[in-house]
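Enquirer: One structure, pasted below without further comment.
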Amino acid sequence: MNQTTLPRASYRHALLAGVLLALGAAGLAGCSDSGSDSQAGSAGAKGTASTLEAAKAAGKIRIGYANEAPFAYMDSQRAEVTGESVEIARVVLKRMGINQVEGVLTEFGSLIPGLQARRFDIIAAGMYITPERCGQAAFSNPTYGVGQAMLVKQGNPKNLHSYEDAAKNPDARLGVVVGAIESDYAASLKVPPDRTVVFPDAVSALAGVQAGRADAYAATALTVNDLMGKAGKDSGLEKAEPFTDPVIDGKGVRGYGAYAFRKEDQAFVDAFNAELAKFLGTEEHRKLVAPFGFTAEELPKGMTAAKLCAGR
């Protein structure tokens with residue numbers, strides 16, 4: 001055996017030290033939080049109160065967001081997360097007895113895995129409802145509906161006015177954000193994967209078009225409008241106009257954004273929807289979302305999560 005032999009006294013001291021160390025470790029384990037760091041702040045863990053009950057008791061809840069204006073982003077001046085999705089959530093949750101919202105910044109493609117892993121309890125990122133996503137999360141009814149747009153270099157040198165244009169031009173590279181619906185649109189409309197450039201967020205995509213890594217960035221019209229408003233006239237970029245929204249499986253595409261919850265939190269979704277229905281379309285709602293570029297044109301107009309999850 002590869003073992004060093006200790007003198008008898010030293011052996012007794014070592015044995016005693018080992019026992020004391022084991023007892024100390026057991027004591028520390030008994031005093032520590034048994035959950036992981038990612039679970040510690042998330043409500044409704046298995047075997048405890050529901051997510052909604054726990055959030056009401058704590059008076060706060062964690063929301064996951066991706067840094068994409070105007071839906072959810074960090075306001076550096078106020079040092080807090082804001083945007084259409086976040087501000088509506090604040091109002092609705094406050095009416096439900098949850099006064100504080102804590103934002104957890106997450107790459108868009110990791111939002112649903114983060115929700116499932118209990119890093120946060122709601123996704124507030126303007127996420128489109130799709131049948132595929134409905135298999136992974138429970139969605140509230142939508143807060144808005146919007147079409148698509150493209151951000152291109154000034155003069156639109158590749159003459160890109162649709163996804164089809166990007167597919168047909170062998171030299172065109174189309175930028176999308178990881179995990180966003182635009183990558184699905186691009187694949188459906190035959191934009192080759194080797195000409196689809198994936199960026200971590202909208203700001204990176206804008207910089208990518210400026211640097212020539214992509215010839216266009218596809219996103220919601222609201223996202224593109226917001227980026228152009230912040231980038232200014234000297235950015236060397238413009239919104240591709242005119243633009244033709246994609247048609248997939250014979251249907252024109254209009255995206256509807258909503259909040260995502262864990263599947264087991266359907267009671268939370270139902271309670272949230274009840275308050276959301278009272279708020280959407282009111283004067284208070286209009287004033288709240290106007291600074292983010294939303295108008296009456298973007299109202300969901302009767303569209304529901306159930307219809308969208310069913311692919312209707």
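Residues are named by chain letter and number: chains run A, B, ... in the order of the structure tokens, numbers start at 1 in each chain, and ligands are numbered from 1 in the order shown.
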A:Tyr163: which residues within 9 Å, counting only C-alpha atoms, same-chain residues fewer than 3 positions away excluded, as a list in words?

Expert: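 Result of the neighbour search: Met150, Leu160, Ala166, Ala167, Lys168, Leu174, Tyr185, Ala186, Leu189, Lys190, Val191, Ala218, Thr244, Asp245 and Pro246 of chain A.
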
Enquirer: Using only C-alpha atoms for the distances, tell me which of A:Leu93, A:Ala125, A:Ala306, A:Ala72 is nearest to A:Asp226.

Expert: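 Going through A:Leu93, A:Ala125, A:Ala306, A:Ala72 one by one, the smallest distance to A:Asp226 is for A:Ala72.
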
Enquirer: Contacts of stretch 274-289 of chain A at 7 Å or less, counting only C-alpha atoms, minus same-chain residues fewer than 4 places along, as a JSON list (two decimals) with N, CA and C atoms, in the first residue's frame?

Expert:
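File written: result-v5.json
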[["chain", "number", "residue", "atom", "x", "y", "z"],
["A", 84, "GLU", "N", -40.78, 47.92, -22.41],
["A", 84, "GLU", "CA", -42.22, 47.65, -22.47],
["A", 84, "GLU", "C", -42.60, 46.44, -21.64],
["A", 92, "VAL", "N", -48.67, 44.96, -13.48],
["A", 92, "VAL", "CA", -49.53, 43.79, -13.28],
["A", 92, "VAL", "C", -49.17, 43.06, -11.98],
["A", 270, "ASP", "N", -52.70, 32.18, -15.09],
["A", 270, "ASP", "CA", -54.12, 32.55, -15.11],
["A", 270, "ASP", "C", -54.38, 33.83, -14.32],
["A", 293, "GLY", "N", -42.05, 53.40, -27.95],
["A", 293, "GLY", "CA", -42.40, 53.32, -29.37],
["A", 293, "GLY", "C", -43.63, 52.52, -29.69],
["A", 294, "PHE", "N", -44.40, 52.12, -28.68],
["A", 294, "PHE", "CA", -45.60, 51.32, -28.90],
["A", 294, "PHE", "C", -46.82, 52.23, -29.07]]

Enquirer: Please determine, counting only C-alpha atoms, which residue among A:Lys301, A:Arg173, A:Arg213, A:Lys153 has the shortest atom-to-atom distance to A:Met228.

Expert: A:Lys153

Enquirer: Could you write out, as JSON, numbers by chain, all the residues of stretch 27-213 of chain A that DSSP marks as helix (DSSP H, G or I)?

Expert: {"A": [27, 28, 29, 30, 31, 37, 38, 39, 40, 51, 52, 53, 54, 55, 56, 57, 58, 84, 85, 86, 87, 88, 89, 90, 91, 92, 93, 94, 95, 108, 109, 110, 111, 112, 113, 114, 115, 116, 131, 132, 133, 134, 163, 164, 165, 166, 167, 168, 181, 182, 183, 184, 185, 186, 187, 188, 193, 194, 195, 202, 203, 204, 205, 206, 207, 208, 209, 210, 211]}

Enquirer: Considering only C-alpha atoms, state which residue in the set A:Val247, A:Ala296, A:Ala231, A:Ile112 is at the smallest distance from A:Ser188.

Expert: A:Val247

Enquirer: Please return as a ChimeraX atom specification: the residues of stretch 13-210 of chain A that backbone DSSP assigns to strand (DSSP E).

Expert: /A:60-65,73-75,80-82,100-105,122-128,138-139,144-146,148-153,174-177,196-199

Enquirer: Generate the output file for the selected residues, C-alpha atoms, as a CSV table (one decimal), in the first residue's frame.

Expert:
chain,number,residue,atom,x,y,z
A,60,LYS,CA,-40.6,40.4,-4.9
A,61,ILE,CA,-39.9,38.2,-7.9
A,62,ARG,CA,-37.0,37.6,-10.3
A,63,ILE,CA,-37.6,38.2,-14.1
A,64,GLY,CA,-35.2,37.0,-16.8
A,65,TYR,CA,-34.6,39.4,-19.6
A,73,TYR,CA,-32.9,46.5,-21.2
A,74,MET,CA,-30.8,48.1,-18.6
A,75,ASP,CA,-31.3,51.8,-18.2
A,80,GLU,CA,-32.5,49.5,-13.3
A,81,VAL,CA,-34.0,47.2,-16.0
A,82,THR,CA,-36.8,48.8,-18.0
A,100,GLN,CA,-40.6,44.4,-6.4
A,101,VAL,CA,-39.1,43.1,-9.6
A,102,GLU,CA,-35.4,41.9,-9.8
A,103,GLY,CA,-34.0,41.6,-13.3
A,104,VAL,CA,-31.6,38.7,-14.3
A,105,LEU,CA,-29.7,39.5,-17.5
A,122,ILE,CA,-40.8,34.9,-15.4
A,123,ILE,CA,-39.3,35.7,-18.7
A,124,ALA,CA,-40.0,39.4,-19.5
A,125,ALA,CA,-38.3,39.9,-22.8
A,126,GLY,CA,-41.0,40.4,-25.4
A,127,MET,CA,-40.6,36.8,-26.4
A,128,TYR,CA,-42.8,35.6,-29.3
A,138,ALA,CA,-46.5,28.4,-20.3
A,139,PHE,CA,-47.2,31.8,-21.8
A,144,TYR,CA,-48.3,43.3,-28.5
A,145,GLY,CA,-48.2,42.2,-32.1
A,146,VAL,CA,-45.6,43.5,-34.6
A,148,GLN,CA,-40.5,42.5,-39.1
A,149,ALA,CA,-37.8,44.9,-40.4
A,150,MET,CA,-34.1,44.9,-41.4
A,151,LEU,CA,-31.2,47.1,-40.4
A,152,VAL,CA,-28.7,47.7,-43.3
A,153,LYS,CA,-25.9,50.0,-44.2
A,174,LEU,CA,-28.1,38.0,-42.7
A,175,GLY,CA,-27.6,38.8,-39.0
A,176,VAL,CA,-30.0,37.3,-36.3
A,177,VAL,CA,-29.9,37.1,-32.5
A,196,THR,CA,-26.7,33.4,-41.4
A,197,VAL,CA,-24.6,35.3,-38.8
A,198,VAL,CA,-25.7,34.7,-35.2
A,199,PHE,CA,-25.1,37.5,-32.6

Enquirer: Would you pick out the contacts of A:Ala57 at 12 Å or less, using only C-alpha atoms, so that residues sharing its chain but fewer than 6 positions from it are not included, and give the list as number ranges by chain?

Expert: A: 43-44, 49-51, 96-100

Enquirer: Please provide the set of residues having any atom within 9 Å of A:Phe268, restricted to only C-alpha atoms, with same-chain residues fewer than 4 positions apart removed, written as a ChimeraX atom specification.

Expert: /A:50-53,261,264,272-273

Enquirer: Can you tell me how far atom CA of A:Ala137 sits from atom CA of A:Gln116, in Å to one decimal?

Expert: 8.2 Å

Enquirer: Which residue out of A:Ala187, A:Val203, A:Val209, A:Ile88 has the minimum interatomic distance to A:Asn67 when only C-alpha atoms are used?

Expert: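 Once distances to A:Asn67 are computed over only C-alpha atoms, the minimum belongs to A:Val203.
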